[in-house]
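As provided, input.pdb (PDB, C-alpha atoms, pLDDT in the B column) reads as follows.
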```pdb
ATOM      1  CA  MET A   1       1.287 -79.549 -30.954  1.00 50.00           C
ATOM      2  CA  ALA A   2      -0.200 -78.262 -27.704  1.00 53.00           C
ATOM      3  CA  TYR A   3      -2.001 -74.926 -27.594  1.00 45.00           C
ATOM      4  CA  GLN A   4       0.230 -72.024 -26.598  1.00 49.00           C
ATOM      5  CA  PRO A   5      -1.181 -68.561 -25.880  1.00 50.00           C
ATOM      6  CA  GLN A   6       0.320 -65.981 -28.278  1.00 53.00           C
ATOM      7  CA  GLY A   7       2.205 -64.177 -25.519  1.00 54.00           C
ATOM      8  CA  GLU A   8       3.977 -67.382 -24.587  1.00 73.00           C
ATOM      9  CA  ILE A   9       5.427 -68.099 -28.038  1.00 84.00           C
ATOM     10  CA  GLN A  10       9.200 -67.980 -27.648  1.00 89.00           C
ATOM     11  CA  VAL A  11      11.089 -65.593 -29.942  1.00 90.00           C
ATOM     12  CA  ALA A  12      14.595 -65.939 -28.477  1.00 94.00           C
ATOM     13  CA  ALA A  13      16.443 -67.477 -25.537  1.00 94.00           C
ATOM     14  CA  ALA A  14      19.843 -66.723 -24.076  1.00 94.00           C
ATOM     15  CA  SER A  15      22.104 -67.657 -21.190  1.00 95.00           C
ATOM     16  CA  TYR A  16      24.511 -65.104 -19.770  1.00 96.00           C
ATOM     17  CA  THR A  17      26.289 -63.787 -16.732  1.00 96.00           C
ATOM     18  CA  LEU A  18      26.113 -60.031 -16.349  1.00 94.00           C
ATOM     19  CA  THR A  19      29.503 -58.289 -16.150  1.00 95.00           C
ATOM     20  CA  LYS A  20      30.361 -55.435 -13.800  1.00 96.00           C
ATOM     21  CA  GLU A  21      30.918 -53.123 -16.794  1.00 95.00           C
ATOM     22  CA  GLU A  22      27.518 -53.960 -18.312  1.00 95.00           C
ATOM     23  CA  TYR A  23      25.790 -53.380 -15.002  1.00 95.00           C
ATOM     24  CA  GLY A  24      27.584 -50.042 -14.522  1.00 95.00           C
ATOM     25  CA  LYS A  25      26.681 -48.841 -18.026  1.00 94.00           C
ATOM     26  CA  GLY A  26      23.088 -49.949 -17.540  1.00 93.00           C
ATOM     27  CA  ARG A  27      22.781 -48.163 -14.181  1.00 93.00           C
ATOM     28  CA  LEU A  28      24.183 -44.951 -15.669  1.00 93.00           C
ATOM     29  CA  LEU A  29      21.822 -45.158 -18.645  1.00 92.00           C
ATOM     30  CA  VAL A  30      18.804 -45.627 -16.363  1.00 91.00           C
ATOM     31  CA  GLU A  31      19.836 -42.590 -14.318  1.00 91.00           C
ATOM     32  CA  ARG A  32      20.326 -40.483 -17.462  1.00 90.00           C
ATOM     33  CA  ARG A  33      17.034 -41.503 -19.053  1.00 86.00           C
ATOM     34  CA  HIS A  34      14.730 -41.960 -16.058  1.00 84.00           C
ATOM     35  CA  GLY A  35      16.513 -40.995 -12.845  1.00 84.00           C
ATOM     36  CA  SER A  36      18.650 -38.431 -11.091  1.00 87.00           C
ATOM     37  CA  LEU A  37      20.524 -37.318 -14.235  1.00 92.00           C
ATOM     38  CA  LEU A  38      17.363 -36.777 -16.288  1.00 89.00           C
ATOM     39  CA  ASN A  39      17.443 -33.026 -15.591  1.00 93.00           C
ATOM     40  CA  ALA A  40      21.213 -32.658 -15.955  1.00 94.00           C
ATOM     41  CA  PRO A  41      20.882 -30.513 -19.141  1.00 95.00           C
ATOM     42  CA  VAL A  42      18.830 -27.993 -17.146  1.00 96.00           C
ATOM     43  CA  PHE A  43      21.630 -27.766 -14.603  1.00 96.00           C
ATOM     44  CA  TYR A  44      24.210 -27.399 -17.398  1.00 96.00           C
ATOM     45  CA  LEU A  45      22.250 -24.388 -18.646  1.00 97.00           C
ATOM     46  CA  LEU A  46      21.938 -23.024 -15.098  1.00 96.00           C
ATOM     47  CA  GLY A  47      25.696 -23.366 -14.608  1.00 96.00           C
ATOM     48  CA  LEU A  48      26.356 -21.697 -17.939  1.00 97.00           C
ATOM     49  CA  ALA A  49      23.966 -18.854 -17.036  1.00 96.00           C
ATOM     50  CA  LEU A  50      25.682 -18.323 -13.675  1.00 95.00           C
ATOM     51  CA  PHE A  51      29.083 -18.281 -15.360  1.00 95.00           C
ATOM     52  CA  ALA A  52      27.875 -15.837 -18.048  1.00 94.00           C
ATOM     53  CA  LEU A  53      26.280 -13.581 -15.435  1.00 92.00           C
ATOM     54  CA  GLY A  54      29.552 -13.487 -13.550  1.00 90.00           C
ATOM     55  CA  MET A  55      31.479 -12.689 -16.744  1.00 90.00           C
ATOM     56  CA  THR A  56      29.170  -9.824 -17.737  1.00 88.00           C
ATOM     57  CA  SER A  57      29.722  -8.206 -14.353  1.00 81.00           C
ATOM     58  CA  PHE A  58      33.281  -7.368 -15.423  1.00 77.00           C
ATOM     59  CA  PHE A  59      32.012  -5.106 -18.223  1.00 77.00           C
ATOM     60  CA  TYR A  60      30.417  -2.523 -15.891  1.00 75.00           C
ATOM     61  CA  ASP A  61      32.150   0.749 -15.117  1.00 68.00           C
ATOM     62  CA  GLY A  62      33.261   1.462 -11.596  1.00 72.00           C
ATOM     63  CA  LEU A  63      33.780  -2.092 -10.392  1.00 76.00           C
ATOM     64  CA  SER A  64      34.159  -2.372  -6.661  1.00 82.00           C
ATOM     65  CA  MET A  65      35.908  -5.152  -4.815  1.00 84.00           C
ATOM     66  CA  VAL A  66      32.517  -6.557  -3.732  1.00 85.00           C
ATOM     67  CA  SER A  67      31.205  -6.716  -7.314  1.00 84.00           C
ATOM     68  CA  VAL A  68      34.409  -8.441  -8.495  1.00 86.00           C
ATOM     69  CA  LEU A  69      34.088 -10.933  -5.648  1.00 89.00           C
ATOM     70  CA  LEU A  70      30.404 -11.537  -6.461  1.00 89.00           C
ATOM     71  CA  ALA A  71      31.231 -12.055 -10.146  1.00 89.00           C
ATOM     72  CA  ALA A  72      33.954 -14.545  -9.231  1.00 91.00           C
ATOM     73  CA  VAL A  73      31.575 -16.432  -6.917  1.00 94.00           C
ATOM     74  CA  LEU A  74      28.932 -16.642  -9.683  1.00 94.00           C
ATOM     75  CA  MET A  75      31.501 -17.936 -12.163  1.00 95.00           C
ATOM     76  CA  ILE A  76      32.797 -20.531  -9.701  1.00 96.00           C
ATOM     77  CA  LEU A  77      29.253 -21.668  -8.864  1.00 97.00           C
ATOM     78  CA  GLY A  78      28.534 -22.039 -12.580  1.00 96.00           C
ATOM     79  CA  VAL A  79      31.625 -24.160 -13.173  1.00 97.00           C
ATOM     80  CA  LEU A  80      30.965 -26.299 -10.082  1.00 97.00           C
ATOM     81  CA  THR A  81      27.343 -26.899 -11.112  1.00 97.00           C
ATOM     82  CA  ILE A  82      28.377 -28.081 -14.566  1.00 97.00           C
ATOM     83  CA  ALA A  83      31.236 -30.196 -13.194  1.00 97.00           C
ATOM     84  CA  TYR A  84      28.974 -31.868 -10.634  1.00 97.00           C
ATOM     85  CA  PHE A  85      26.384 -33.028 -13.164  1.00 96.00           C
ATOM     86  CA  ALA A  86      28.877 -33.817 -15.932  1.00 96.00           C
ATOM     87  CA  VAL A  87      31.582 -35.600 -13.934  1.00 96.00           C
ATOM     88  CA  VAL A  88      30.984 -36.055 -10.196  1.00 97.00           C
ATOM     89  CA  LYS A  89      27.410 -37.416 -10.221  1.00 96.00           C
ATOM     90  CA  PRO A  90      28.018 -39.936 -13.070  1.00 96.00           C
ATOM     91  CA  SER A  91      31.216 -41.069 -11.341  1.00 96.00           C
ATOM     92  CA  ASN A  92      29.315 -41.581  -8.077  1.00 96.00           C
ATOM     93  CA  ILE A  93      26.646 -43.609  -9.897  1.00 95.00           C
ATOM     94  CA  LYS A  94      29.291 -45.823 -11.516  1.00 95.00           C
ATOM     95  CA  GLY A  95      31.036 -46.338  -8.170  1.00 96.00           C
ATOM     96  CA  GLU A  96      27.752 -47.224  -6.479  1.00 96.00           C
ATOM     97  CA  ALA A  97      26.937 -49.654  -9.302  1.00 95.00           C
ATOM     98  CA  GLU A  98      30.327 -51.365  -8.859  1.00 96.00           C
ATOM     99  CA  ARG A  99      29.727 -51.719  -5.115  1.00 96.00           C
ATOM    100  CA  GLN A 100      26.230 -53.096  -5.739  1.00 95.00           C
ATOM    101  CA  TYR A 101      27.540 -55.599  -8.276  1.00 96.00           C
ATOM    102  CA  GLU A 102      30.381 -56.793  -6.041  1.00 96.00           C
ATOM    103  CA  GLY A 103      28.046 -57.149  -3.060  1.00 95.00           C
ATOM    104  CA  SER A 104      25.214 -58.957  -4.836  1.00 93.00           C
ATOM    105  CA  ILE A 105      25.216 -62.651  -5.563  1.00 92.00           C
ATOM    106  CA  LEU A 106      22.035 -62.145  -7.643  1.00 91.00           C
ATOM    107  CA  LEU A 107      23.803 -59.826 -10.096  1.00 93.00           C
ATOM    108  CA  GLN A 108      26.787 -62.147 -10.501  1.00 94.00           C
ATOM    109  CA  CYS A 109      25.041 -65.491 -10.976  1.00 95.00           C
ATOM    110  CA  PRO A 110      24.314 -67.030 -14.409  1.00 96.00           C
ATOM    111  CA  LYS A 111      20.905 -66.200 -15.870  1.00 96.00           C
ATOM    112  CA  LYS A 112      18.630 -67.551 -18.552  1.00 96.00           C
ATOM    113  CA  ALA A 113      16.456 -65.083 -20.460  1.00 95.00           C
ATOM    114  CA  VAL A 114      13.513 -66.067 -22.624  1.00 95.00           C
ATOM    115  CA  VAL A 115      11.915 -63.421 -24.834  1.00 95.00           C
ATOM    116  CA  CYS A 116       8.349 -64.123 -25.914  1.00 93.00           C
ATOM    117  CA  ARG A 117       5.846 -62.045 -27.851  1.00 89.00           C
ATOM    118  CA  ASP A 118       4.171 -60.253 -24.895  1.00 89.00           C
ATOM    119  CA  VAL A 119       6.349 -61.234 -21.950  1.00 92.00           C
ATOM    120  CA  PHE A 120       9.956 -61.981 -21.096  1.00 93.00           C
ATOM    121  CA  SER A 121      11.468 -63.946 -18.271  1.00 93.00           C
ATOM    122  CA  ILE A 122      14.797 -63.901 -16.521  1.00 94.00           C
ATOM    123  CA  ALA A 123      15.640 -66.836 -14.260  1.00 94.00           C
ATOM    124  CA  ASP A 124      18.609 -67.738 -12.095  1.00 94.00           C
ATOM    125  CA  ASP A 125      19.222 -70.060  -9.144  1.00 93.00           C
ATOM    126  CA  TYR A 126      17.405 -67.715  -6.758  1.00 91.00           C
ATOM    127  CA  GLU A 127      14.466 -66.147  -8.581  1.00 92.00           C
ATOM    128  CA  THR A 128      12.411 -65.928 -11.759  1.00 92.00           C
ATOM    129  CA  VAL A 129      10.795 -62.741 -13.020  1.00 92.00           C
ATOM    130  CA  ARG A 130       8.169 -62.659 -15.801  1.00 92.00           C
ATOM    131  CA  PRO A 131       7.086 -59.080 -16.478  1.00 90.00           C
ATOM    132  CA  TYR A 132       4.876 -58.139 -19.415  1.00 91.00           C
ATOM    133  CA  TYR A 133       6.136 -55.444 -21.792  1.00 92.00           C
ATOM    134  CA  SER A 134       2.945 -53.456 -21.209  1.00 90.00           C
ATOM    135  CA  GLU A 135       3.881 -53.165 -17.512  1.00 90.00           C
ATOM    136  CA  GLN A 136       7.322 -51.677 -18.249  1.00 92.00           C
ATOM    137  CA  ARG A 137       7.997 -47.950 -18.451  1.00 91.00           C
ATOM    138  CA  ALA A 138      10.440 -47.974 -21.371  1.00 93.00           C
ATOM    139  CA  CYS A 139      12.935 -49.953 -23.430  1.00 94.00           C
ATOM    140  CA  VAL A 140      16.319 -48.533 -24.350  1.00 94.00           C
ATOM    141  CA  GLU A 141      18.521 -50.361 -26.847  1.00 95.00           C
ATOM    142  CA  THR A 142      22.240 -49.663 -27.146  1.00 95.00           C
ATOM    143  CA  LYS A 143      24.833 -51.416 -29.283  1.00 95.00           C
ATOM    144  CA  GLU A 144      25.648 -53.615 -26.253  1.00 95.00           C
ATOM    145  CA  PHE A 145      22.339 -54.386 -24.527  1.00 95.00           C
ATOM    146  CA  PHE A 146      18.575 -54.053 -24.173  1.00 96.00           C
ATOM    147  CA  LEU A 147      17.481 -52.214 -21.043  1.00 94.00           C
ATOM    148  CA  LEU A 148      13.857 -52.622 -19.973  1.00 94.00           C
ATOM    149  CA  VAL A 149      13.008 -49.967 -17.393  1.00 91.00           C
ATOM    150  CA  ALA A 150      10.282 -51.048 -14.986  1.00 88.00           C
ATOM    151  CA  ASP A 151       9.537 -47.825 -13.113  1.00 78.00           C
ATOM    152  CA  ARG A 152      10.881 -44.492 -11.844  1.00 71.00           C
ATOM    153  CA  SER A 153      12.646 -46.170  -8.911  1.00 74.00           C
ATOM    154  CA  GLY A 154      15.425 -47.265 -11.241  1.00 71.00           C
ATOM    155  CA  LYS A 155      14.405 -50.913 -11.379  1.00 86.00           C
ATOM    156  CA  ALA A 156      15.428 -52.243 -14.773  1.00 91.00           C
ATOM    157  CA  TYR A 157      16.193 -55.489 -16.566  1.00 94.00           C
ATOM    158  CA  LEU A 158      19.399 -55.651 -18.598  1.00 94.00           C
ATOM    159  CA  LEU A 159      19.675 -58.165 -21.429  1.00 96.00           C
ATOM    160  CA  PRO A 160      23.132 -58.238 -23.088  1.00 96.00           C
ATOM    161  CA  LYS A 161      22.976 -58.527 -26.874  1.00 96.00           C
ATOM    162  CA  ARG A 162      26.072 -60.754 -26.864  1.00 95.00           C
ATOM    163  CA  ALA A 163      23.981 -63.484 -25.240  1.00 95.00           C
ATOM    164  CA  PHE A 164      21.422 -63.544 -28.058  1.00 95.00           C
ATOM    165  CA  GLY A 165      23.974 -63.848 -30.871  1.00 91.00           C
ATOM    166  CA  GLY A 166      22.132 -63.989 -34.203  1.00 91.00           C
ATOM    167  CA  GLN A 167      18.760 -63.585 -32.485  1.00 93.00           C
ATOM    168  CA  ALA A 168      19.560 -60.020 -31.326  1.00 94.00           C
ATOM    169  CA  GLU A 169      18.015 -58.434 -34.451  1.00 94.00           C
ATOM    170  CA  GLU A 170      14.802 -60.385 -33.968  1.00 95.00           C
ATOM    171  CA  VAL A 171      14.649 -59.344 -30.297  1.00 95.00           C
ATOM    172  CA  SER A 172      15.279 -55.731 -31.338  1.00 95.00           C
ATOM    173  CA  ARG A 173      12.377 -55.778 -33.823  1.00 95.00           C
ATOM    174  CA  LEU A 174      10.066 -57.407 -31.274  1.00 95.00           C
ATOM    175  CA  LEU A 175      10.899 -54.894 -28.520  1.00 95.00           C
ATOM    176  CA  ALA A 176      10.578 -51.920 -30.882  1.00 95.00           C
ATOM    177  CA  GLY A 177       7.134 -53.145 -31.907  1.00 94.00           C
ATOM    178  CA  GLU A 178       5.933 -53.995 -28.392  1.00 93.00           C
ATOM    179  CA  PHE A 179       7.139 -50.775 -26.756  1.00 94.00           C
ATOM    180  CA  GLY A 180       6.193 -48.410 -29.591  1.00 93.00           C
ATOM    181  CA  LYS A 181       6.751 -44.816 -28.419  1.00 95.00           C
ATOM    182  CA  ARG A 182       8.365 -46.081 -25.212  1.00 93.00           C
ATOM    183  CA  TYR A 183      11.260 -47.607 -27.213  1.00 95.00           C
ATOM    184  CA  ARG A 184      14.528 -45.694 -27.750  1.00 94.00           C
ATOM    185  CA  LEU A 185      17.582 -46.689 -29.777  1.00 93.00           C
ATOM    186  CA  VAL A 186      20.697 -45.041 -28.323  1.00 90.00           C
ATOM    187  CA  LYS A 187      23.891 -45.035 -30.376  1.00 80.00           C
TER
END
```

Write out the structure in this file as structure tokens.
Amino acid sequence: MAYQPQGEIQVAAASYTLTKEEYGKGRLLVERRHGSLLNAPVFYLLGLALFALGMTSFFYDGLSMVSVLLAAVLMILGVLTIAYFAVVKPSNIKGEAERQYEGSILLQCPKKAVVCRDVFSIADDYETVRPYYSEQRACVETKEFFLLVADRSGKAYLLPKRAFGGQAEEVSRLLAGEFGKRYRLVK
């Protein structure tokens, strides 16, 4: 048996073609955990505070038409803020992900993933990437896939669990151990 560095010892291998739904879910998860929706809870609270401030204005004596109008504007701004970050922004991200998927031959072509102890690789007809776990920002595991987030730009690697079959548990244990505090299991 030839010498193999520890990081190159294969733990699991899989072949898959990423679906539009998987890509959309992955994009949304990256944005929620590491991107533009990371601060959405702060904006929910801001919207709630604006709405509450508008509501409390109705409890003052001697309301004028201007104060009623101001209270209504605050309430509307609160509702719009919450609606934007809860519905509109996620919908825009999903729509953008669908357009990216449909316009990218790289996302639609069959891939082969190899998970080793310290490194993983994803190869297709056009490119091969071999990033080390230590170079990645985070790993998020859902019931459907493993998402390895490379950096704040939103670059991520999505590995569907369906492709690993019975090896998915072993991959999960490996990634949890390699990423440590940077690993999250999302139900």

Please evaluate the PyMOL selection byres ((chain A and resi 54) around 10) against the displayed coordinates and give the resulting residues as a count of residues only. 23

Which polymer residues have any atom within 9 Å of an atom of region 155-169 of chain A, counting all atoms listed in the file, with same-chain residues fewer than 3 positions away left out, as a ChimeraX atom specification? /A:11-18,22-23,26-27,30,113,122,136,142-152,172-174

Kindly give the distance, in Å, that separates CA of Ala123 (chain A) and CA of Lys111 (chain A), rounded to a single decimal.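 Separating CA of Ala123 (chain A) from CA of Lys111 (chain A) is a distance of 5.5 Å.
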
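What separates CA of Tyr132 (chain A) from CA of Glu102 (chain A) is a distance of 28.8 Å.
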
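Using all atoms listed in the file, the protein and nucleic acid residues lying at most 9 Å from the point (5.2, -56.9, -18.5) are A:Asp118, A:Val119, A:Phe120, A:Arg130, A:Pro131, A:Tyr132, A:Tyr133, A:Ser134, A:Glu135, A:Gln136, A:Ala150.
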
Let me make sure I understand: among A:Val66, A:Ala138, A:Gly35, A:Tyr126, which one has the smallest atom-to-atom distance to Ser104 (chain A) if we use only C-alpha atoms?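 Of all the options, A:Tyr126 lies closest to Ser104 (chain A).
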
Any idea what the distance is between CA of Ile105 (chain A) and CA of Ser91 (chain A)?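 Rounded to one decimal, the two atoms are 23.1 Å apart.
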
Applied to this file, what does the PyMOL selection byres ((chain A and resi 98) around 12) return in terms of residues, put as an MDAnalysis selection string? chainID A and resid 19:28 91:97 99:104 107:108

Pick out the residues sitting within 10 Å of Tyr183 (chain A), and hand them over as a ChimeraX atom specification; count only C-alpha atoms, and ignore anything fewer than 3 positions along from it in its own chain. /A:137-141,147-148,172,175-180,186

Out of A:Ile9, A:Leu63, A:Val88, A:Ile82, which residue has the shortest atom-to-atom distance to Gly47 (chain A) when counting only C-alpha atoms?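 Nearest candidate to Gly47 (chain A) out of A:Ile9, A:Leu63, A:Val88, A:Ile82: A:Ile82.
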
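Of the residues under consideration (A:Asp124, A:Arg117, A:Pro41, A:Gly154), A:Pro41 shows the shortest atom-to-atom contact distance to Ala83 (chain A) when counting all atoms listed in the file.
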
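Closest approach to Arg182 (chain A) among A:Leu80, A:His34, A:Ser153, A:Lys112: A:His34, based on only C-alpha atoms.
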